[in-house]
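Next comes target.cif, with mmCIF, C-alpha atoms.
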data_target
loop_
_atom_site.label_atom_id
_atom_site.label_comp_id
_atom_site.auth_asym_id
_atom_site.auth_seq_id
_atom_site.Cartn_x
_atom_site.Cartn_y
_atom_site.Cartn_z
CA GLY A 1 -52.51 -39.72 -56.39
CA ALA A 2 -49.82 -38.69 -58.89
CA GLY A 3 -48.65 -42.30 -59.20
CA ILE A 4 -45.23 -41.53 -57.73
CA PRO A 5 -44.11 -43.46 -54.61
CA LEU A 6 -43.20 -41.20 -51.69
CA VAL A 7 -39.86 -42.98 -51.34
CA HIS A 8 -38.77 -41.50 -54.69
CA SER A 9 -37.36 -38.44 -52.93
CA THR A 10 -34.15 -37.58 -51.13
CA PRO A 11 -33.87 -34.99 -48.31
CA MET A 12 -31.13 -32.39 -48.71
CA PRO A 13 -29.50 -29.98 -46.21
CA PHE A 14 -31.20 -26.59 -45.85
CA ASP A 15 -29.52 -23.18 -45.76
CA ASN A 16 -26.81 -22.73 -43.09
CA TYR A 17 -26.48 -26.47 -42.52
CA PHE A 18 -22.71 -26.48 -42.97
CA ASP A 19 -20.05 -24.49 -41.13
CA GLY A 20 -20.38 -21.31 -43.15
CA GLU A 21 -17.09 -21.96 -44.95
CA MET A 22 -18.19 -24.72 -47.33
CA PRO A 23 -20.25 -23.33 -50.24
CA ASP A 24 -23.90 -24.14 -49.68
CA PHE A 25 -24.37 -26.22 -52.80
CA HIS A 26 -20.91 -27.75 -53.06
CA TRP A 27 -22.11 -31.24 -52.09
CA PHE A 28 -25.26 -31.11 -54.21
CA GLU A 29 -23.40 -29.82 -57.26
CA ARG A 30 -20.70 -32.45 -56.84
CA VAL A 31 -23.06 -35.41 -56.78
CA LEU A 32 -25.16 -33.99 -59.63
CA ASP A 33 -22.13 -33.54 -61.88
CA ASP A 34 -20.49 -36.86 -60.99
CA SER A 35 -22.01 -39.75 -62.95
CA GLY A 36 -20.54 -42.16 -60.40
CA SER A 37 -22.08 -40.50 -57.34
CA GLY A 38 -25.07 -42.81 -57.28
CA LEU A 39 -27.53 -39.89 -57.24
CA ASN A 40 -29.76 -39.60 -60.27
CA ARG A 41 -30.61 -36.10 -61.43
CA PRO A 42 -33.94 -35.28 -59.82
CA ALA A 43 -36.97 -34.10 -61.75
CA ALA A 44 -37.47 -31.27 -59.25
CA VAL A 45 -36.33 -29.70 -56.02
CA ILE A 46 -39.01 -28.84 -53.45
CA VAL A 47 -38.17 -26.15 -50.89
CA GLU A 48 -39.82 -24.05 -48.20
CA THR A 49 -38.36 -20.55 -48.05
CA VAL A 50 -39.07 -20.66 -44.32
CA GLN A 51 -39.29 -24.14 -42.83
CA GLY A 52 -42.37 -24.32 -40.64
CA GLU A 53 -42.40 -27.78 -39.09
CA GLY A 54 -38.62 -27.88 -39.50
CA GLY A 55 -38.17 -25.22 -36.83
CA VAL A 56 -38.77 -21.77 -38.41
CA ASN A 57 -35.53 -21.91 -40.39
CA VAL A 58 -35.30 -18.90 -42.69
CA ALA A 59 -33.48 -19.30 -45.99
CA ARG A 60 -31.40 -16.31 -47.05
CA PRO A 61 -32.42 -14.63 -50.34
CA GLU A 62 -28.97 -15.30 -51.81
CA TRP A 63 -29.30 -19.00 -50.93
CA LEU A 64 -32.66 -19.20 -52.69
CA ARG A 65 -31.25 -17.43 -55.75
CA ALA A 66 -28.33 -19.84 -55.84
CA LEU A 67 -30.72 -22.79 -55.62
CA ALA A 68 -32.84 -21.36 -58.44
CA ASP A 69 -29.73 -20.89 -60.60
CA LEU A 70 -28.54 -24.43 -59.88
CA CYS A 71 -31.89 -25.90 -60.85
CA SER A 72 -32.13 -23.79 -64.00
CA SER A 73 -28.64 -24.67 -65.19
CA ARG A 74 -29.29 -28.40 -64.79
CA ASP A 75 -32.84 -28.53 -66.13
CA ILE A 76 -34.36 -29.31 -62.71
CA LEU A 77 -37.76 -27.89 -61.82
CA LEU A 78 -37.92 -25.64 -58.76
CA ILE A 79 -41.03 -26.13 -56.62
CA VAL A 80 -41.71 -23.76 -53.72
CA ASP A 81 -43.92 -25.14 -50.95
CA ASP A 82 -45.84 -22.04 -49.86
CA VAL A 83 -48.57 -23.93 -48.03
CA GLN A 84 -47.72 -22.37 -44.65
CA MET A 85 -45.59 -19.40 -45.67
CA GLY A 86 -47.55 -18.06 -48.63
CA CYS A 87 -50.62 -15.84 -48.81
CA GLY A 88 -48.90 -13.00 -46.95
CA ARG A 89 -47.50 -14.91 -43.98
CA THR A 90 -43.99 -13.48 -44.43
CA GLY A 91 -45.15 -10.13 -45.85
CA PRO A 92 -45.59 -10.29 -49.63
CA PHE A 93 -48.18 -12.65 -51.08
CA PHE A 94 -45.53 -15.24 -52.02
CA SER A 95 -42.75 -15.93 -49.55
CA PHE A 96 -40.14 -16.18 -52.31
CA GLU A 97 -40.69 -12.67 -53.66
CA ILE A 98 -37.99 -11.29 -51.37
CA ALA A 99 -35.44 -13.40 -53.27
CA GLY A 100 -36.60 -12.26 -56.71
CA ILE A 101 -36.93 -15.80 -58.04
CA THR A 102 -39.65 -17.35 -60.21
CA PRO A 103 -40.35 -21.00 -59.30
CA ASP A 104 -41.65 -23.42 -61.89
CA ILE A 105 -44.39 -24.69 -59.56
CA VAL A 106 -45.89 -23.22 -56.36
CA THR A 107 -48.15 -24.99 -53.87
CA LEU A 108 -50.64 -22.98 -51.82
CA SER A 109 -53.13 -23.99 -49.13
CA LYS A 110 -54.05 -22.98 -45.56
CA SER A 111 -54.84 -19.25 -45.76
CA ILE A 112 -55.74 -19.34 -49.45
CA GLY A 113 -59.28 -20.34 -48.45
CA GLY A 114 -59.76 -16.94 -46.84
CA TYR A 115 -62.20 -18.11 -44.17
CA GLY A 116 -60.71 -21.25 -42.69
CA LEU A 117 -62.27 -23.44 -45.37
CA PRO A 118 -60.21 -26.30 -46.84
CA MET A 119 -58.63 -25.33 -50.13
CA ALA A 120 -55.39 -25.88 -52.03
CA LEU A 121 -53.94 -24.64 -55.29
CA THR A 122 -51.00 -25.75 -57.40
CA LEU A 123 -49.62 -23.06 -59.70
CA PHE A 124 -47.71 -24.18 -62.80
CA LYS A 125 -45.85 -22.35 -65.48
CA PRO A 126 -48.21 -22.78 -68.47
CA GLU A 127 -45.78 -24.93 -70.42
CA LEU A 128 -45.62 -27.43 -67.54
CA ASP A 129 -49.34 -27.93 -67.04
CA VAL A 130 -50.05 -31.28 -68.67
CA TRP A 131 -52.90 -32.25 -66.31
CA THR A 132 -56.39 -32.70 -67.69
CA PRO A 133 -59.38 -31.53 -65.59
CA GLY A 134 -59.91 -33.83 -62.62
CA GLU A 135 -56.89 -35.99 -63.41
CA HIS A 136 -55.14 -35.36 -60.09
CA ASN A 137 -56.74 -35.59 -56.67
CA GLY A 138 -56.12 -34.42 -53.11
CA THR A 139 -57.70 -33.78 -49.75
CA PHE A 140 -57.88 -29.96 -49.95
CA ARG A 141 -58.93 -29.34 -53.53
CA GLY A 142 -61.63 -26.92 -52.42
CA ASN A 143 -65.39 -26.62 -52.68
CA ASN A 144 -67.73 -23.91 -53.91
CA PRO A 145 -67.88 -21.95 -50.60
CA ALA A 146 -64.06 -22.05 -50.41
CA PHE A 147 -63.77 -20.61 -53.91
CA VAL A 148 -66.13 -17.79 -52.90
CA THR A 149 -64.28 -16.94 -49.70
CA ALA A 150 -60.86 -17.23 -51.36
CA THR A 151 -61.92 -14.82 -54.08
CA ALA A 152 -63.28 -12.39 -51.51
CA ALA A 153 -60.04 -12.56 -49.51
CA LEU A 154 -57.94 -11.83 -52.58
CA GLU A 155 -60.13 -8.91 -53.59
CA GLN A 156 -60.40 -7.50 -50.05
CA TYR A 157 -56.94 -7.98 -48.57
CA TRP A 158 -54.79 -7.69 -51.69
CA ALA A 159 -56.43 -4.67 -53.29
CA ASP A 160 -53.60 -2.58 -51.80
CA ASP A 161 -50.48 -2.99 -49.66
CA GLN A 162 -52.14 -2.55 -46.26
CA LEU A 163 -52.09 -6.22 -45.28
CA GLN A 164 -48.41 -6.51 -46.21
CA LEU A 165 -47.54 -3.40 -44.17
CA SER A 166 -49.62 -4.67 -41.23
CA THR A 167 -47.90 -8.06 -41.34
CA ALA A 168 -44.49 -6.37 -41.31
CA ALA A 169 -45.43 -4.21 -38.32
CA LYS A 170 -46.86 -7.09 -36.32
CA GLY A 171 -43.87 -9.24 -37.22
CA ARG A 172 -41.55 -6.57 -35.87
CA ARG A 173 -43.54 -6.51 -32.64
CA ILE A 174 -43.23 -10.27 -32.21
CA GLY A 175 -39.55 -10.05 -33.04
CA GLU A 176 -38.99 -7.38 -30.39
CA ILE A 177 -40.62 -9.42 -27.64
CA PHE A 178 -38.81 -12.60 -28.67
CA ALA A 179 -35.48 -10.76 -28.85
CA ASN A 180 -36.03 -9.41 -25.34
CA LEU A 181 -36.73 -12.93 -24.07
CA ALA A 182 -33.62 -14.24 -25.82
CA ASP A 183 -31.54 -11.48 -24.18
CA SER A 184 -33.06 -12.16 -20.77
CA PHE A 185 -32.58 -15.92 -20.54
CA ASP A 186 -29.64 -18.19 -21.29
CA GLY A 187 -30.20 -20.91 -23.86
CA VAL A 188 -32.92 -18.99 -25.68
CA SER A 189 -32.69 -17.50 -29.18
CA THR A 190 -35.11 -16.41 -31.86
CA ARG A 191 -35.58 -16.49 -35.61
CA GLY A 192 -38.32 -15.88 -38.14
CA ARG A 193 -39.73 -13.58 -40.79
CA GLY A 194 -42.95 -11.62 -40.90
CA MET A 195 -45.67 -13.27 -38.86
CA VAL A 196 -43.93 -16.60 -38.44
CA GLN A 197 -41.54 -16.40 -35.52
CA GLY A 198 -39.80 -19.02 -33.44
CA LEU A 199 -38.47 -18.99 -29.90
CA VAL A 200 -35.63 -21.51 -29.82
CA PHE A 201 -34.59 -23.36 -26.66
CA ASP A 202 -31.31 -25.20 -26.22
CA ASP A 203 -33.26 -27.53 -23.93
CA PRO A 204 -36.19 -28.88 -25.99
CA GLY A 205 -38.09 -29.81 -22.83
CA LYS A 206 -38.45 -26.13 -21.99
CA ALA A 207 -40.20 -25.40 -25.28
CA VAL A 208 -42.77 -28.07 -24.52
CA LYS A 209 -43.30 -26.65 -21.01
CA VAL A 210 -43.71 -23.11 -22.34
CA CYS A 211 -46.42 -24.24 -24.76
CA GLY A 212 -48.15 -26.11 -21.94
CA LEU A 213 -48.20 -23.11 -19.61
CA ALA A 214 -49.36 -20.84 -22.42
CA PHE A 215 -52.18 -23.24 -23.25
CA ASP A 216 -53.33 -23.14 -19.63
CA GLU A 217 -53.69 -19.37 -20.02
CA GLY A 218 -55.66 -19.62 -23.24
CA LEU A 219 -52.88 -19.29 -25.82
CA LEU A 220 -52.42 -22.01 -28.42
CA ALA A 221 -48.83 -22.38 -29.68
CA GLU A 222 -47.01 -25.42 -30.98
CA THR A 223 -43.50 -26.75 -31.00
CA SER A 224 -41.52 -27.48 -34.14
CA GLY A 225 -38.01 -28.47 -35.15
CA PRO A 226 -36.22 -31.84 -35.17
CA SER A 227 -36.38 -32.09 -31.35
CA ASP A 228 -39.47 -29.92 -30.76
CA GLU A 229 -37.07 -27.26 -29.49
CA VAL A 230 -38.86 -24.30 -31.10
CA VAL A 231 -42.01 -22.57 -29.90
CA LYS A 232 -43.56 -21.59 -33.23
CA LEU A 233 -45.88 -18.60 -33.24
CA LEU A 234 -48.17 -18.43 -36.26
CA PRO A 235 -50.98 -15.97 -35.35
CA PRO A 236 -53.79 -15.03 -37.74
CA LEU A 237 -52.75 -12.30 -40.16
CA THR A 238 -55.90 -10.41 -39.17
CA ILE A 239 -55.11 -10.41 -35.43
CA THR A 240 -55.52 -7.02 -33.77
CA HIS A 241 -52.62 -5.31 -32.02
CA ASP A 242 -54.35 -5.71 -28.65
CA GLU A 243 -54.88 -9.43 -29.22
CA LEU A 244 -51.28 -9.82 -30.35
CA ASN A 245 -49.91 -8.03 -27.29
CA HIS A 246 -52.11 -10.12 -25.00
CA GLY A 247 -50.85 -13.35 -26.55
CA LEU A 248 -47.25 -12.20 -26.39
CA SER A 249 -47.60 -11.32 -22.71
CA ILE A 250 -48.88 -14.84 -21.99
CA LEU A 251 -45.95 -16.35 -23.89
CA ALA A 252 -43.45 -14.08 -22.17
CA GLU A 253 -44.76 -15.00 -18.72
CA ALA A 254 -44.66 -18.69 -19.58
CA THR A 255 -41.07 -18.38 -20.78
CA ALA A 256 -40.07 -16.51 -17.63
CA LYS A 257 -41.58 -19.22 -15.40
CA VAL A 258 -39.86 -22.04 -17.28
CA CYS A 259 -36.47 -20.33 -17.53
CA ALA A 260 -36.37 -18.75 -14.08
#
Show me this structure written as structure tokens.
Amino acid sequence: GAGIPLVHSTPMPFDNYFDGEMPDFHWFERVLDDSGSGLNRPAAVIVETVQGEGGVNVARPEWLRALADLCSSRDILLIVDDVQMGCGRTGPFFSFEIAGITPDIVTLSKSIGGYGLPMALTLFKPELDVWTPGEHNGTFRGNNPAFVTATAALEQYWADDQLQLSTAAKGRRIGEIFANLADSFDGVSTRGRGMVQGLVFDDPGKAVKVCGLAFDEGLLAETSGPSDEVVKLLPPLTITHDELNHGLSILAEATAKVCA
């Protein structure tokens, strides 16, 4: 829709990809500053602060700040994809707030509709917004009911800090259960932030089996990561504590059966 072929992009390593000794942006900086590297300076960098489909990989605040500084110093736009992780999923409304950065462009969707209705927003810094009304298109642009429910959600849930505090508390609860499972079974670890948490299996087949057993008991969870090795838990932000504990018990039992 924007007239740009999808092949005009290049994937880059995420945070903690290297061995911990090589500076995170050493390779990227090198090819950007070397006119013979073969890599043209990109118009923008697009990043998820927490990779959802990538396997619940959480970028450190210092890594995000370094990325923002790199982009700023080389006149590259920074775009944060907050489609899954925005709207309070990690705690604050925007997932990047914890890093103290200000992206040039932010994409929002999913929960922004407030009631499960399709909707998406693209936020620009004013000086970057060169679109005319209706010039760009997309599948989740929104409709009148979605605008109504989205407005109601913003006014209801973001009038104070209660949703953010609730998300933090529920996230800690998920983290506790997942940490206990990781301590109890070999080849299992956990990672996440707020109410996006992942249970990571060294054997990807076990993650698939856990999701299958959980589904049989009425719990819908999905796998993510390059090899589907992560059970990704993404419950509704409005879930009650009783509902959350019930779902976690199903997941814990499924994990115990698969890993026993």
For a quick check of understanding, using all atoms listed in the file, which of A:Leu244, A:Leu165, A:Cys259, A:Ala44 has the smallest distance to Leu77 in chain A?
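With all atoms listed in the file as the atom set, the closest residue is A:Ala44.
Ranking A:Pro118, A:Glu176, A:Leu251, A:Leu237 by their shortest atom-to-atom distance to Gly142 in chain A, with all atoms listed in the file included, puts A:Pro118 first.
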With the file shown as input, list the residues that the PyMOL selection byres ((chain A and resi 102-117) around 9) selects, as a PyMOL selection string.
chain A and resi 68+77-89+96-97+100-101+118-125+128+140+142-143+145-154
In terms of the shortest atom-to-atom distance over only C-alpha atoms, which of A:Ala66, A:Ala221, A:Val200, A:Leu213 is closest to Val258 in chain A?
A:Leu213
Which one of A:Ser166, A:Pro13, A:Arg41, A:Ile250 sits closest to Gly218 in chain A if you count all atoms listed in the file?
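Looking only at the distances to Gly218 in chain A, the closest residue turns out to be A:Ile250.
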Å distance separating CA of Glu48 in chain A from CA of Arg60 in chain A, one decimal place
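Answer for the CA of Glu48 in chain A to CA of Arg60 in chain A separation: 11.5 Å.
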Please provide as an MDAnalysis selection string all residues within 8 Å of Val50 in chain A, with the sequence filter that same-chain residues fewer than 2 positions apart are discarded (counting all atoms listed in the file).
chainID A and resid 48 52 56:59 85 95 192:193
One decimal, in Å: what's the spacing between CA of Lys206 in chain A and CA of Asp242 in chain A?
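Distance between the two atoms: 26.7 Å.
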Ground truth for the PyMOL selection byres ((chain A and resi 202) around 7), written as a list in words
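When the PyMOL selection byres ((chain A and resi 202) around 7) is applied, the selected residues are Gly187, Val188, Val200, Phe201, Asp203, Pro204 and Glu229 of chain A.
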Determine, counting only C-alpha atoms, which protein, DNA and RNA residues have an atom within 9 Å of an atom of Val231 in chain A; residues of the same chain fewer than 3 positions away are not included. Present the result as a PyMOL selection string.
chain A and resi 55+197-201+207-208+210-211+221-225+228
With distances taken over only C-alpha atoms, which residue among A:Leu181, A:Gly247, A:Cys71, A:Leu233 lies nearest Glu29 in chain A?
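Smallest distance to Glu29 in chain A is found for A:Cys71.
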What's the 10 Å shell around Pro11 in chain A, counting all atoms listed in the file, without same-chain residues fewer than 3 positions away, as a PyMOL selection string?
chain A and resi 14+45-46
How far is it from CA of Ala168 in chain A to CA of Phe215 in chain A, in Å with one decimal?
25.9 Å
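With distances taken over all atoms listed in the file, A:Asp75 is the one residue among A:Glu135, A:Asp75, A:Glu155, A:Glu62 lying closest to Pro42 in chain A.
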Residues picked by the PyMOL selection byres ((chain A and resi 169) around 12) here, as a list of chain:residue names?
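Those residues are A:Thr90, A:Gly91, A:Gln162, A:Leu163, A:Gln164, A:Leu165, A:Ser166, A:Thr167, A:Ala168, A:Lys170, A:Gly171, A:Arg172, A:Arg173, A:Ile174, A:Gly175, A:Glu176, A:Arg193, A:Gly194, A:Met195, A:Leu237, A:Ile239, A:Thr240, A:His241, A:Leu244.
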Show which residues sit within 12 Å of Phe25 in chain A, as a list in words. Count all atoms listed in the file, and ignore same-chain residues fewer than 5 positions away.
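In the requested format, the answer is Met12, Pro13, Phe14, Asp15, Asn16, Tyr17, Phe18, Gly20, Arg30, Val31, Leu32, Asp33, Glu62, Trp63, Leu64, Arg65, Ala66, Leu67, Ala68, Asp69, Leu70 and Cys71 of chain A.
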Return the padded bounding box of range 200-212 of chain A as JSON: axis-aligned, built from all atoms listed in the file, 6 Å added on each side, with centre and edge lengths in Å to one decimal.
{"center_x": -39.7, "center_y": -25.7, "center_z": -25.4, "size_x": 28.8, "size_y": 20.3, "size_z": 20.8}
